[in-house]
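Enquirer: Contents are compact mmCIF, C-alpha atoms and all ligand atoms; file name coords_35.txt:
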# COMPACT_ATOMS: atom_id res chain seq x y z
CA MET U 1 95.91 89.62 125.84
CA ARG U 2 94.19 86.74 123.97
CA ARG U 3 94.30 87.26 120.21
CA VAL U 4 91.01 86.60 118.47
CA LEU U 5 91.06 83.53 116.21
CA ILE U 6 88.58 83.29 113.35
CA ALA U 7 88.63 79.71 112.07
CA GLY U 8 86.77 78.29 109.08
CA ASN U 9 85.78 74.63 108.97
CA TRP U 10 84.99 73.81 105.36
CA LYS U 11 83.90 70.27 106.28
CA MET U 12 83.40 67.95 103.26
CA ASN U 13 82.91 70.76 100.77
CA MET U 14 84.77 72.18 97.78
CA LEU U 15 86.55 70.64 94.82
CA SER U 16 89.93 71.98 93.78
CA ALA U 17 88.86 74.91 91.61
CA ASP U 18 86.37 76.32 94.14
CA GLY U 19 88.60 75.55 97.11
CA THR U 20 91.66 77.31 95.77
CA ALA U 21 89.51 80.26 94.65
CA LEU U 22 88.04 80.51 98.14
CA ALA U 23 91.47 80.29 99.78
CA ALA U 24 92.81 82.96 97.44
CA ALA U 25 89.86 85.26 98.14
CA VAL U 26 90.29 84.87 101.90
CA ALA U 27 94.04 85.46 101.71
CA ALA U 28 93.80 88.41 99.31
CA GLY U 29 90.92 90.06 101.12
CA SER U 30 92.10 89.69 104.65
CA GLY U 31 93.63 93.16 104.95
CA PRO U 32 95.67 94.35 107.90
CA GLN U 33 93.94 93.31 111.12
CA PRO U 34 96.72 92.70 113.61
CA SER U 35 94.36 91.84 116.45
CA CYS U 36 92.82 88.84 114.69
CA ASP U 37 94.27 85.52 113.47
CA LEU U 38 92.70 83.74 110.49
CA LEU U 39 92.66 79.98 109.99
CA ILE U 40 91.02 77.88 107.30
CA CYS U 41 90.52 74.11 107.57
CA PRO U 42 89.77 72.63 104.14
CA PRO U 43 89.16 68.93 103.48
CA ALA U 44 92.34 66.83 103.41
CA THR U 45 92.27 66.56 99.62
CA LEU U 46 92.72 70.34 99.31
CA LEU U 47 95.31 70.98 102.01
CA HIS U 48 98.26 70.98 99.64
CA ALA U 49 96.62 73.27 97.09
CA VAL U 50 95.24 75.61 99.74
CA LEU U 51 98.60 75.89 101.50
CA ASP U 52 100.20 76.68 98.16
CA THR U 53 97.54 79.28 97.29
CA VAL U 54 97.66 80.96 100.68
CA GLY U 55 101.47 81.01 100.61
CA LYS U 56 101.41 82.83 97.29
CA THR U 57 98.52 85.19 98.02
CA ALA U 58 98.57 86.22 101.68
CA LEU U 59 100.37 89.40 102.70
CA PRO U 60 103.50 88.77 104.76
CA ASP U 61 102.08 90.72 107.72
CA ARG U 62 98.68 89.09 107.35
CA PRO U 63 99.19 85.34 107.18
CA VAL U 64 96.31 82.92 106.90
CA SER U 65 96.96 79.65 108.71
CA VAL U 66 95.78 76.31 107.38
CA GLY U 67 94.66 73.36 109.48
CA GLY U 68 93.26 69.85 109.22
CA GLN U 69 89.77 68.82 110.29
CA ASP U 70 90.86 65.65 112.11
CA CYS U 71 93.89 63.46 112.71
CA HIS U 72 94.66 59.93 113.88
CA ALA U 73 96.22 59.41 117.29
CA ASP U 74 99.12 57.37 115.88
CA ALA U 75 102.06 58.82 113.97
CA SER U 76 101.91 56.11 111.29
CA GLY U 77 100.65 52.58 110.72
CA ALA U 78 97.85 50.42 109.39
CA HIS U 79 94.97 52.91 109.53
CA THR U 80 93.47 52.98 106.07
CA GLY U 81 92.03 56.34 105.17
CA ASP U 82 93.33 58.14 108.24
CA ILE U 83 95.80 61.01 108.43
CA ALA U 84 98.49 61.44 111.09
CA ALA U 85 99.08 64.76 112.80
CA GLU U 86 102.68 64.45 111.59
CA MET U 87 101.40 64.35 108.00
CA LEU U 88 99.47 67.57 108.53
CA ALA U 89 102.53 69.22 110.06
CA ASP U 90 104.69 67.91 107.22
CA LEU U 91 102.42 69.66 104.70
CA GLY U 92 102.68 72.96 106.55
CA CYS U 93 99.51 72.92 108.63
CA SER U 94 99.61 74.65 111.99
CA HIS U 95 96.33 73.50 113.56
CA VAL U 96 93.98 70.54 113.63
CA ILE U 97 90.38 70.31 114.80
CA VAL U 98 89.70 67.33 117.08
CA GLY U 99 86.47 66.10 118.64
CA HIS U 100 84.13 68.00 116.35
CA SER U 101 80.58 66.94 117.19
CA GLU U 102 80.14 65.57 113.66
CA ARG U 103 83.01 63.17 114.37
CA ARG U 104 81.78 62.41 117.88
CA ALA U 105 78.31 61.60 116.48
CA GLY U 106 79.17 60.23 113.03
CA HIS U 107 82.29 58.25 113.95
CA GLY U 108 81.53 57.37 117.56
CA GLU U 109 84.51 59.32 118.88
CA ARG U 110 84.60 59.51 122.65
CA ASP U 111 86.56 61.78 124.94
CA ALA U 112 89.49 59.34 125.33
CA GLU U 113 89.99 59.21 121.57
CA VAL U 114 89.67 62.98 121.25
CA ARG U 115 92.27 63.35 123.98
CA ALA U 116 94.63 60.95 122.18
CA LYS U 117 94.19 62.95 118.99
CA ALA U 118 94.94 66.20 120.82
CA GLU U 119 98.06 64.56 122.26
CA ALA U 120 99.04 63.53 118.72
CA ALA U 121 98.58 67.10 117.54
CA HIS U 122 100.89 68.35 120.30
CA ARG U 123 103.43 65.62 119.54
CA ALA U 124 103.48 66.85 115.92
CA GLY U 125 103.78 70.50 116.94
CA LEU U 126 100.23 71.42 115.92
CA VAL U 127 97.72 73.47 117.84
CA ALA U 128 94.76 71.26 118.74
CA ILE U 129 91.33 72.86 118.50
CA VAL U 130 89.36 70.69 120.92
CA CYS U 131 85.59 70.87 120.38
CA VAL U 132 83.04 70.39 123.13
CA GLY U 133 79.31 71.06 123.36
CA GLU U 134 76.02 69.63 124.47
CA THR U 135 73.19 68.17 122.40
CA GLU U 136 69.72 69.70 122.43
CA ALA U 137 68.42 66.93 124.69
CA GLU U 138 71.24 67.51 127.17
CA ARG U 139 70.56 71.22 127.11
CA ASP U 140 66.82 70.71 127.63
CA ALA U 141 67.66 68.47 130.59
CA GLY U 142 69.69 71.30 132.13
CA GLN U 143 72.96 69.40 131.67
CA ALA U 144 74.82 71.73 129.30
CA HIS U 145 77.43 72.86 131.81
CA THR U 146 77.96 69.35 133.21
CA VAL U 147 78.37 67.86 129.73
CA ALA U 148 80.87 70.50 128.67
CA ALA U 149 82.83 70.04 131.91
CA GLY U 150 82.98 66.27 131.37
CA GLN U 151 84.19 66.73 127.80
CA ILE U 152 86.85 69.23 128.86
CA GLU U 153 88.07 66.91 131.58
CA GLY U 154 88.06 63.88 129.27
CA SER U 155 89.36 65.47 126.07
CA LEU U 156 92.10 67.87 127.15
CA PRO U 157 95.48 66.17 127.51
CA GLU U 158 97.84 66.70 130.45
CA GLY U 159 100.21 68.82 128.40
CA ALA U 160 97.56 71.25 127.15
CA THR U 161 98.73 74.86 127.30
CA ALA U 162 97.41 78.12 125.96
CA THR U 163 100.01 77.84 123.19
CA ASN U 164 99.20 74.36 121.94
CA THR U 165 95.46 74.19 122.58
CA VAL U 166 92.33 76.12 121.70
CA VAL U 167 88.91 75.07 123.01
CA ALA U 168 85.84 75.47 120.80
CA TYR U 169 82.45 75.50 122.51
CA GLU U 170 79.97 74.35 119.90
CA PRO U 171 76.47 73.49 121.10
CA VAL U 172 75.46 70.63 118.80
CA TRP U 173 71.96 72.00 118.30
CA ALA U 174 73.39 75.27 116.93
CA ILE U 175 75.70 73.75 114.32
CA GLY U 176 74.41 74.24 110.79
CA THR U 177 70.90 74.93 112.04
CA GLY U 178 70.78 78.73 111.90
CA LYS U 179 69.98 78.67 115.66
CA SER U 180 72.81 80.36 117.50
CA ALA U 181 73.03 80.28 121.28
CA THR U 182 72.04 83.54 122.95
CA PRO U 183 74.84 85.88 124.03
CA ASP U 184 73.82 85.27 127.68
CA ASP U 185 74.09 81.49 127.26
CA VAL U 186 77.42 81.80 125.46
CA ALA U 187 78.80 84.19 128.07
CA GLY U 188 77.79 81.85 130.91
CA MET U 189 79.17 78.75 129.22
CA HIS U 190 82.48 80.35 128.25
CA ARG U 191 82.95 81.66 131.80
CA HIS U 192 82.22 78.16 133.10
CA ILE U 193 84.67 76.56 130.65
CA ARG U 194 87.40 79.07 131.44
CA GLY U 195 87.21 78.08 135.08
CA LEU U 196 88.09 74.50 134.08
CA LEU U 197 91.08 75.20 131.83
CA PRO U 198 94.81 75.09 132.44
CA GLU U 199 96.44 78.49 131.79
CA ALA U 200 92.87 79.74 131.92
CA ASP U 201 93.61 83.43 131.48
CA ALA U 202 95.54 82.82 128.27
CA MET U 203 93.79 79.85 126.61
CA ARG U 204 91.49 80.82 123.77
CA ILE U 205 87.86 79.68 123.76
CA LEU U 206 86.05 79.93 120.42
CA TYR U 207 82.30 79.87 119.98
CA GLY U 208 80.86 77.85 117.12
CA GLY U 209 77.30 77.33 115.94
CA SER U 210 75.64 79.30 113.14
CA VAL U 211 77.98 82.29 113.43
CA LYS U 212 77.17 84.70 110.60
CA PRO U 213 78.12 88.29 109.74
CA GLY U 214 74.84 89.39 111.36
CA ASN U 215 75.41 87.87 114.81
CA ALA U 216 79.22 87.77 115.01
CA ALA U 217 79.77 91.20 116.54
CA GLU U 218 77.69 90.61 119.67
CA LEU U 219 79.14 87.13 120.21
CA LEU U 220 82.75 88.20 119.67
CA ALA U 221 82.28 91.16 122.00
CA LEU U 222 81.70 88.84 124.97
CA GLU U 223 84.55 88.82 127.44
CA ASP U 224 85.35 85.12 127.33
CA VAL U 225 84.76 84.62 123.61
CA ASP U 226 88.14 84.66 121.89
CA GLY U 227 87.03 83.94 118.36
CA ALA U 228 84.75 81.73 116.33
CA LEU U 229 84.76 78.34 114.62
CA ILE U 230 82.65 78.80 111.52
CA GLY U 231 81.16 76.18 109.24
CA GLY U 232 78.64 77.35 106.65
CA ALA U 233 79.68 81.00 106.61
CA SER U 234 83.32 80.07 106.00
CA LEU U 235 82.42 78.81 102.53
CA LYS U 236 81.92 82.37 101.27
CA ALA U 237 84.98 84.59 101.51
CA GLU U 238 82.93 87.74 101.96
CA ASP U 239 80.99 86.28 104.90
CA PHE U 240 84.09 84.82 106.53
CA LEU U 241 85.96 88.11 106.17
CA ALA U 242 82.94 90.11 107.33
CA ILE U 243 82.91 88.02 110.53
CA ALA U 244 86.65 88.60 110.97
CA ALA U 245 86.13 92.33 110.46
CA THR U 246 83.71 92.45 113.40
CA ALA U 247 86.50 91.11 115.59
CA ALA U 248 89.12 93.62 114.51
C1 LIG U 301 81.00 73.89 112.72
O1 LIG U 301 80.85 72.99 111.93
O2 LIG U 301 81.97 73.86 113.49
C2 LIG U 301 80.02 74.98 112.74
C3 LIG U 301 80.04 75.81 113.73
O3 LIG U 301 79.15 75.04 111.68
P1 LIG U 301 78.10 76.24 111.36
O4 LIG U 301 78.86 77.53 111.47
O5 LIG U 301 77.63 75.96 109.98
O6 LIG U 301 77.02 76.14 112.38
Would you mind giving the structure from this file in structure tokens?
Expert:
Amino acid sequence: MRRVLIAGNWKMNMLSADGTALAAAVAAGSGPQPSCDLLICPPATLLHAVLDTVGKTALPDRPVSVGGQDCHADASGAHTGDIAAEMLADLGCSHVIVGHSERRAGHGERDAEVRAKAEAAHRAGLVAIVCVGETEAERDAGQAHTVAAGQIEGSLPEGATATNTVVAYEPVWAIGTGKSATPDDVAGMHRHIRGLLPEADAMRILYGGSVKPGNAAELLALEDVDGALIGGASLKAEDFLAIAATAA
């Protein structure tokens, strides 16, 4: 019932030549996999070129969606350097990541701001990918489930539905470290999160944190794991597509 979503977060990587080549390789290599959606989220500077490349390369029955990595809560105004959700939608983006732990930690974003950004995404007609996840210290203190519950409660807007929102559980200690959470931990956390969601049976919950071709199959096979948010491994088309293939 819930289609698997394999999403790549390129973070602050790639200049135009490498980025368009990567987008073309993902779009050309994606093959027919009707049970799995593909999304790539390049840096803002590459959105236009990547949308253009994907539009020209992807098969009509195998589209690759393109999303932003962040947006501002306002639709326009005096916010130097920021990007409105409406601007992403105007370019042709369909999704935007909000509340990634690197923004929560590096830019001091708190739940209320993440929630406002998710609301902005909905206002602009984008799907908000709302990230939650505990730090290593919180996990060691046995607070992982409480922290995730607090972030879900604080970051998901009133109007969140299974159509306009995807949740990504990304334990901070597993992001970019090569240390993935165990399937048992992921299964327990995703079950816990599902119990807190509106339209719980239909809303997709992605796992993120050092997902690679070698560990993707067992994570994606878990009942409440509806896809993956992938950082490092999304920078190589063959790895990204190999992960997607395990979900097909
Ligand atoms: C991420 O940045 O969302 C992420 C999961 O990164 P990585 O796959 O590199 O751990």
Enquirer: For ligand LIG 301 (chain U), which residue among U:His95, U:His48, U:Arg204, U:Lys11 is the nearest when counting only C-alpha atoms and all ligand atoms?
Expert: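 Result for the nearest residue to ligand LIG 301 (chain U): U:Lys11.
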Enquirer: Using all atoms listed in the file, which residues sit within 7 Å of segment 225-234 of chain U once same-chain residues fewer than 5 positions away are excluded, as a PyMOL selection string?
Expert: chain U and resi 2-10+168+176+190+204-208+211-212+220+239-240
Enquirer: Would you mind listing what lies within 7 Å of Gly67 of chain U as JSON, numbers by chain, with only C-alpha atoms counted and same-chain residues fewer than 2 positions away left out?
Expert: {"U": [39, 40, 41, 65, 69, 93, 94, 95, 96]}
Enquirer: Which neighbours of Thr165 of chain U fall inside 12 Å, counting only C-alpha atoms, when residues of the same chain fewer than 6 positions from it are skipped, and could you give them as a PyMOL selection string?
Expert: chain U and resi 94-98+115+117-122+125-131+152+155-159+197-200+202-206
Enquirer: Could you give me, as a list in words, the residues within 12 Å of Gln143 of chain U, counting only C-alpha atoms and dropping anything in the same chain fewer than 5 positions from it?
Expert: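 Answer for this query is Gly133, Glu134, Thr135, Glu136, Ala137, Glu138, Ala148, Ala149, Gly150, Pro171 and Met189 of chain U.
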Enquirer: Could you check the closest approach to Gly68 of chain U for each of U:Pro43, U:Gly55, U:Gly92, U:Gly178 and tell me which residue wins, using all atoms listed in the file?
Expert: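 Nearest to Gly68 of chain U: U:Pro43.
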